[in-house]
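Asks: Dropping in entry-v1.txt, which is compact mmCIF, C-alpha atoms:
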```txt
# COMPACT_ATOMS: atom_id res chain seq x y z
CA MET A 1 0.00 0.00 0.00
CA PRO A 2 1.49 3.38 -0.96
CA ALA A 3 2.43 5.36 2.12
CA ASP A 4 0.93 8.55 0.77
CA PHE A 5 -2.54 7.02 0.54
CA ARG A 6 -2.38 6.10 4.20
CA THR A 7 -1.11 9.59 5.03
CA GLN A 8 -3.93 11.22 3.12
CA VAL A 9 -6.51 9.01 4.81
CA GLU A 10 -5.03 9.71 8.24
CA GLY A 11 -5.05 13.41 7.46
CA LEU A 12 -8.81 13.29 7.19
CA ARG A 13 -9.25 11.70 10.61
CA PRO A 14 -10.10 14.98 12.43
CA TYR A 15 -12.79 15.77 9.89
CA LEU A 16 -14.23 12.25 10.15
CA LEU A 17 -14.13 12.35 13.92
CA ARG A 18 -16.08 15.57 13.95
CA TYR A 19 -18.57 14.14 11.48
CA ALA A 20 -19.12 11.04 13.63
CA THR A 21 -19.29 12.97 16.90
CA LEU A 22 -22.03 15.24 15.57
CA GLN A 23 -24.12 12.15 14.94
CA LEU A 24 -23.17 9.83 17.80
CA ARG A 25 -22.49 12.38 20.58
CA SER A 26 -20.29 9.97 22.53
CA PRO A 27 -16.62 10.62 21.69
CA GLU A 28 -15.81 6.94 22.32
CA ALA A 29 -18.50 5.69 19.95
CA ALA A 30 -17.38 8.25 17.34
CA GLU A 31 -13.75 7.18 17.71
CA ASP A 32 -14.74 3.53 17.24
CA ALA A 33 -16.80 4.27 14.14
CA VAL A 34 -13.97 6.30 12.58
CA GLN A 35 -11.46 3.57 13.40
CA GLU A 36 -13.65 0.95 11.74
CA ALA A 37 -14.14 3.17 8.72
CA LEU A 38 -10.42 3.82 8.35
CA VAL A 39 -9.60 0.12 8.59
CA ALA A 40 -12.22 -0.62 5.95
CA ALA A 41 -10.93 2.21 3.78
CA LEU A 42 -7.31 1.12 3.95
CA ALA A 43 -8.32 -2.47 3.17
CA GLY A 44 -10.42 -1.33 0.25
CA GLU A 45 -8.07 1.16 -1.31
CA SER A 46 -8.48 -0.48 -4.71
CA ASN A 47 -12.18 0.43 -4.60
CA PHE A 48 -11.27 4.07 -4.32
CA ALA A 49 -9.00 4.27 -7.35
CA GLY A 50 -9.40 8.03 -7.58
CA ARG A 51 -13.02 7.70 -8.59
CA SER A 52 -14.13 10.54 -6.39
CA ASN A 53 -12.97 12.97 -3.78
CA LEU A 54 -11.20 10.99 -1.04
CA ARG A 55 -13.12 12.78 1.69
CA THR A 56 -16.44 12.04 0.04
CA TRP A 57 -15.49 8.39 -0.34
CA LEU A 58 -14.36 8.09 3.30
CA THR A 59 -17.47 9.90 4.52
CA GLY A 60 -19.58 7.35 2.64
CA ILE A 61 -17.81 4.48 4.41
CA LEU A 62 -18.10 6.25 7.75
CA LYS A 63 -21.85 6.78 7.26
CA HIS A 64 -22.34 3.01 7.06
CA LYS A 65 -20.32 2.50 10.24
CA ILE A 66 -22.33 5.19 12.01
CA VAL A 67 -25.61 3.59 10.98
CA ASP A 68 -24.29 0.21 12.21
CA THR A 69 -23.55 1.81 15.58
CA ILE A 70 -26.98 3.41 15.81
CA ARG A 71 -28.64 0.11 14.91
CA ARG A 72 -26.73 -1.65 17.69
CA GLN A 73 -27.59 1.11 20.17
CA SER A 74 -31.30 1.06 19.39
CA ARG A 75 -31.39 -2.72 19.84
CA GLU A 76 -29.74 -2.41 23.22
CA ARG A 77 -31.93 0.49 24.33
CA PRO A 78 -35.27 0.48 22.48
CA LEU A 79 -37.24 3.73 22.52
CA ALA A 80 -39.70 4.11 25.34
CA ALA A 81 -43.26 3.66 24.14
CA ASP A 82 -44.48 6.67 26.10
CA SER A 83 -42.89 9.11 23.71
CA ASP A 84 -44.84 7.62 20.82
CA GLY A 85 -46.72 10.26 18.86
CA ASP A 86 -47.47 12.46 21.86
CA THR A 87 -47.65 16.12 20.84
CA ALA A 88 -49.07 17.64 24.02
CA GLU A 89 -45.67 19.21 24.70
CA PHE A 90 -46.27 21.62 21.81
CA ASP A 91 -49.44 23.02 23.36
CA ALA A 92 -47.58 25.77 25.19
CA LEU A 93 -46.24 27.11 21.90
CA PHE A 94 -49.76 27.87 20.65
CA ASP A 95 -52.84 29.51 22.13
CA GLU A 96 -56.16 27.70 22.53
CA THR A 97 -57.18 28.52 18.94
CA GLY A 98 -53.96 27.00 17.59
CA HIS A 99 -52.24 30.30 16.80
CA TRP A 100 -48.59 30.87 17.66
CA ALA A 101 -48.14 32.16 21.19
CA GLU A 102 -45.07 33.92 19.80
CA PRO A 103 -45.08 33.96 16.00
CA PRO A 104 -41.71 33.09 14.47
CA ASP A 105 -39.72 36.08 13.22
CA ALA A 106 -37.91 36.37 9.93
CA TRP A 107 -34.30 35.33 10.48
CA GLU A 108 -31.39 37.27 9.19
CA GLN A 109 -28.87 34.95 7.55
CA PRO A 110 -25.50 34.96 9.33
CA GLU A 111 -23.04 36.57 6.96
CA GLY A 112 -19.28 36.45 6.90
CA ALA A 113 -16.99 33.65 8.03
CA LEU A 114 -16.81 34.67 11.67
CA MET A 115 -20.56 35.12 12.02
CA GLN A 116 -21.13 31.77 10.40
CA LYS A 117 -18.69 30.08 12.72
CA GLN A 118 -20.37 31.61 15.75
CA PHE A 119 -23.77 30.70 14.40
CA LEU A 120 -22.76 27.07 13.89
CA ALA A 121 -21.46 26.99 17.47
CA ALA A 122 -24.86 28.26 18.67
CA LEU A 123 -26.60 25.63 16.55
CA GLU A 124 -24.43 22.88 18.02
CA GLN A 125 -25.24 24.12 21.49
CA CYS A 126 -28.95 23.95 20.70
CA LEU A 127 -28.55 20.43 19.29
CA ARG A 128 -26.92 19.32 22.52
CA GLY A 129 -29.99 20.58 24.36
CA LEU A 130 -32.29 18.17 22.51
CA PRO A 131 -33.26 14.83 24.04
CA GLU A 132 -30.75 12.24 22.83
CA ARG A 133 -33.05 10.18 20.62
CA THR A 134 -34.70 13.25 19.16
CA ALA A 135 -31.31 14.68 18.24
CA GLN A 136 -30.26 11.36 16.80
CA ALA A 137 -33.31 11.04 14.55
CA PHE A 138 -32.95 14.66 13.43
CA MET A 139 -29.27 14.29 12.62
CA MET A 140 -29.88 11.03 10.74
CA ARG A 141 -32.35 12.93 8.61
CA GLU A 142 -30.58 16.25 8.16
CA HIS A 143 -26.90 15.49 8.66
CA LEU A 144 -26.55 11.97 7.31
CA GLY A 145 -29.32 12.75 4.84
CA LEU A 146 -31.06 9.38 5.23
CA GLU A 147 -34.56 8.71 3.93
CA THR A 148 -37.23 8.43 6.60
CA ALA A 149 -37.93 4.75 5.78
CA GLU A 150 -34.34 3.89 6.60
CA ILE A 151 -34.37 5.88 9.83
CA CYS A 152 -37.59 4.12 10.92
CA LYS A 153 -35.96 0.76 10.27
CA GLU A 154 -32.75 1.53 12.16
CA LEU A 155 -34.49 3.13 15.14
CA ALA A 156 -37.38 0.65 15.07
CA VAL A 157 -40.05 3.36 15.16
CA THR A 158 -43.18 3.97 13.09
CA PRO A 159 -43.23 6.77 10.47
CA THR A 160 -45.76 8.67 12.61
CA HIS A 161 -43.46 8.50 15.60
CA LEU A 162 -40.50 9.62 13.52
CA TRP A 163 -42.42 12.61 12.13
CA VAL A 164 -43.24 13.67 15.67
CA MET A 165 -39.59 13.34 16.67
CA LEU A 166 -38.46 15.41 13.70
CA TYR A 167 -41.17 18.01 14.35
CA ARG A 168 -40.11 18.15 17.99
CA ALA A 169 -36.48 18.66 16.97
CA ARG A 170 -37.24 21.41 14.45
CA MET A 171 -39.55 23.27 16.80
CA ALA A 172 -37.08 23.07 19.68
CA LEU A 173 -34.16 24.14 17.49
CA ARG A 174 -36.00 27.09 15.98
CA GLN A 175 -37.02 28.21 19.44
CA CYS A 176 -33.53 27.76 20.86
CA LEU A 177 -31.89 29.64 17.99
CA GLU A 178 -34.43 32.40 18.14
CA MET A 179 -33.71 32.85 21.83
CA ASN A 180 -29.94 32.43 21.76
CA TRP A 181 -28.98 33.80 18.41
CA PHE A 182 -31.51 35.68 16.32
CA SER A 183 -32.95 37.88 19.03
CA LYS A 184 -29.52 39.03 20.22
CA MET B 1 -60.60 23.34 5.62
CA MET B 2 -58.67 26.02 7.50
CA LEU B 3 -55.53 24.90 9.23
CA SER B 4 -54.40 26.35 12.54
CA CYS B 5 -50.78 27.44 12.96
CA LYS B 6 -50.24 24.39 15.10
CA GLU B 7 -51.43 22.05 12.36
CA THR B 8 -49.57 24.06 9.74
CA SER B 9 -46.23 23.90 11.53
CA ARG B 10 -46.65 20.17 11.89
CA LEU B 11 -47.42 19.73 8.19
CA LEU B 12 -44.52 21.99 7.24
CA SER B 13 -42.20 19.74 9.18
CA GLN B 14 -43.67 16.59 7.63
CA GLY B 15 -43.31 18.21 4.22
CA GLU B 16 -39.54 18.00 4.76
CA ASP B 17 -39.82 14.25 5.30
CA ARG B 18 -42.61 12.90 3.12
CA ARG B 19 -44.56 13.92 0.04
CA LEU B 20 -47.68 15.70 1.24
CA GLY B 21 -51.04 14.83 -0.28
CA PHE B 22 -52.80 17.18 -2.68
CA GLY B 23 -55.32 18.35 -0.06
CA GLU B 24 -52.55 18.97 2.45
CA ARG B 25 -50.57 21.04 -0.03
CA VAL B 26 -53.59 23.15 -0.91
CA ALA B 27 -54.50 23.71 2.74
CA LEU B 28 -50.91 24.67 3.49
CA ARG B 29 -50.78 27.16 0.64
CA VAL B 30 -54.00 28.80 1.76
CA HIS B 31 -52.73 29.16 5.30
CA LEU B 32 -49.27 30.39 4.31
CA ALA B 33 -50.82 33.07 2.11
CA ILE B 34 -52.28 34.77 5.16
CA CYS B 35 -49.83 33.86 7.95
CA ASN B 36 -46.45 35.52 8.41
CA GLY B 37 -45.44 33.41 11.38
CA CYS B 38 -45.92 30.14 9.52
CA ARG B 39 -44.15 31.47 6.43
CA ASN B 40 -41.20 32.32 8.66
CA ALA B 41 -41.34 28.88 10.28
CA SER B 42 -41.30 27.29 6.84
CA VAL B 43 -38.17 29.22 5.85
CA GLN B 44 -36.59 28.36 9.19
CA PHE B 45 -37.11 24.61 8.78
CA ARG B 46 -35.38 24.79 5.38
CA PHE B 47 -32.64 26.93 6.84
CA LEU B 48 -32.05 24.39 9.62
CA ARG B 49 -31.51 21.66 7.05
CA ILE B 50 -28.86 23.65 5.21
CA ALA B 51 -27.20 24.84 8.42
CA VAL B 52 -26.94 21.33 9.86
CA LYS B 53 -25.26 20.11 6.67
CA GLY B 54 -22.75 22.91 7.17
CA LEU B 55 -21.79 21.72 10.65
CA SER B 56 -19.24 19.20 9.42
CA GLN B 57 -18.10 21.26 6.43
CA ASP B 58 -16.67 24.31 8.22
CA GLY B 59 -16.07 26.05 4.95
CA ASP B 60 -13.27 23.74 3.79
CA GLU B 61 -14.49 22.63 0.43
CA GLU B 62 -11.11 21.96 -1.12
CA LYS B 63 -10.58 18.64 -2.85
CA SER B 64 -8.68 16.30 -0.60
CA ALA B 65 -7.99 13.61 -3.20
```
Using the file provided, produce a representation of the structure as structure tokens.
Replies:
Amino acid sequence: MPADFRTQVEGLRPYLLRYATLQLRSPEAAEDAVQEALVAALAGESNFAGRSNLRTWLTGILKHKIVDTIRRQSRERPLAADSDGDTAEFDALFDETGHWAEPPDAWEQPEGALMQKQFLAALEQCLRGLPERTAQAFMMREHLGLETAEICKELAVTPTHLWVMLYRARMALRQCLEMNWFSK
Amino acid sequence: MMLSCKETSRLLSQGEDRRLGFGERVALRVHLAICNGCRNASVQFRFLRIAVKGLSQDGDEEKSA
């Protein structure tokens, strides 16, 4: 195996670690997934053959390892049935006629590199505030970009339950960002 | 059928995850035409999707191969 391929792959480790940590939260689980992905990548170098961007290729391998980890986790700790489809928690956000208690404002896009960096930090903070499974489902959808059918299968939840989880995540994130970023 | 903001926000979210039915799309459009708050929420849900994708990119788009 050419040394420079290994060096290039190793050079992408910090990026991959960040990618996995965003999804798995636990640094140990992220480290394991990245390690497995790198081993698989180095063993399968011939499959790469310069077909695509190395980072894109490695990220694809890592995605599979991340999904494997999530599948294992959700078998070990199945979702509690009590969170199934319950939307009463949203009642406080609306008045008795179903109108917004506080209508969402128009957001000003963060501009410039520094602003964007700070904004992403605020977003990450808000993500950490979500319940673990809610964050996981949301990140599978929006970060890994998986289809809902696949997420339902891996998390062993119904589509209705998943939609509630994703709704919960989006509503909580928009509220958190409005409070901690856009209204400042 | 008139949707409330509560129902609208829920449909807007589902619209990011499944193809809404014809009736749902019509009801949404009618509500969004008259409701600023829900229009903003709709833009925000889209914005969240793009922003979350950006979390692992950090502006380094250079080819690594």
Asks: Counting only C-alpha atoms, figure out which residue out of A:Tyr15, A:Arg75, A:His64, A:Asn180 gets nearest to Gln125 in chain A.
Replies: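 Smallest distance to Gln125 in chain A is found for A:Asn180.
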Asks: I need the contact residues of chain B against chain A, so if you could list those with any atom within 8 Å, counting only C-alpha atoms, and return them as a list in words, that would help.
Replies: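 Contact residues on the first chain: Ser4, Cys5, Lys6, Glu7, Arg10, Ser13, Gln14, Asp17, Arg18, Asn36, Gly37, Cys38, Asn40, Ala41, Gln44, Phe45, Leu48, Arg49, Ala51, Val52, Lys53, Gly54, Leu55, Ser56, Asp58, Lys63, Ser64 and Ala65 of chain B.
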Asks: Quick one, how far is CA of Cys126 in chain A from CA of Ser9 in chain B?
Replies: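 Distance between the two atoms: 19.6 Å.
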Asks: Report the distance between CA of Ala27 in chain B and CA of Thr8 in chain B in Å, rounded to one decimal place.
Replies: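 Rounded to one decimal, the two atoms are 8.6 Å apart.
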Asks: To one decimal place in Å, what is the distance between CA of Ser74 in chain A and CA of Ala88 in chain A?
Replies: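 Spanning CA of Ser74 in chain A to CA of Ala88 in chain A is a straight-line distance of 24.7 Å.
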Asks: Counting only C-alpha atoms, find the residues whose atoms lie at most 9 Å from (-23.8, 8.9, 19.8) (file coordinates) and write them out as a list of chain:residue names.
Replies: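 Applying the cut-off with only C-alpha atoms, one gets A:Ala20, A:Thr21, A:Leu22, A:Gln23, A:Leu24, A:Arg25, A:Ser26, A:Pro27, A:Glu28, A:Ala29, A:Ala30, A:Ile66, A:Thr69, A:Ile70, A:Gln73, A:Glu132, A:Gln136.
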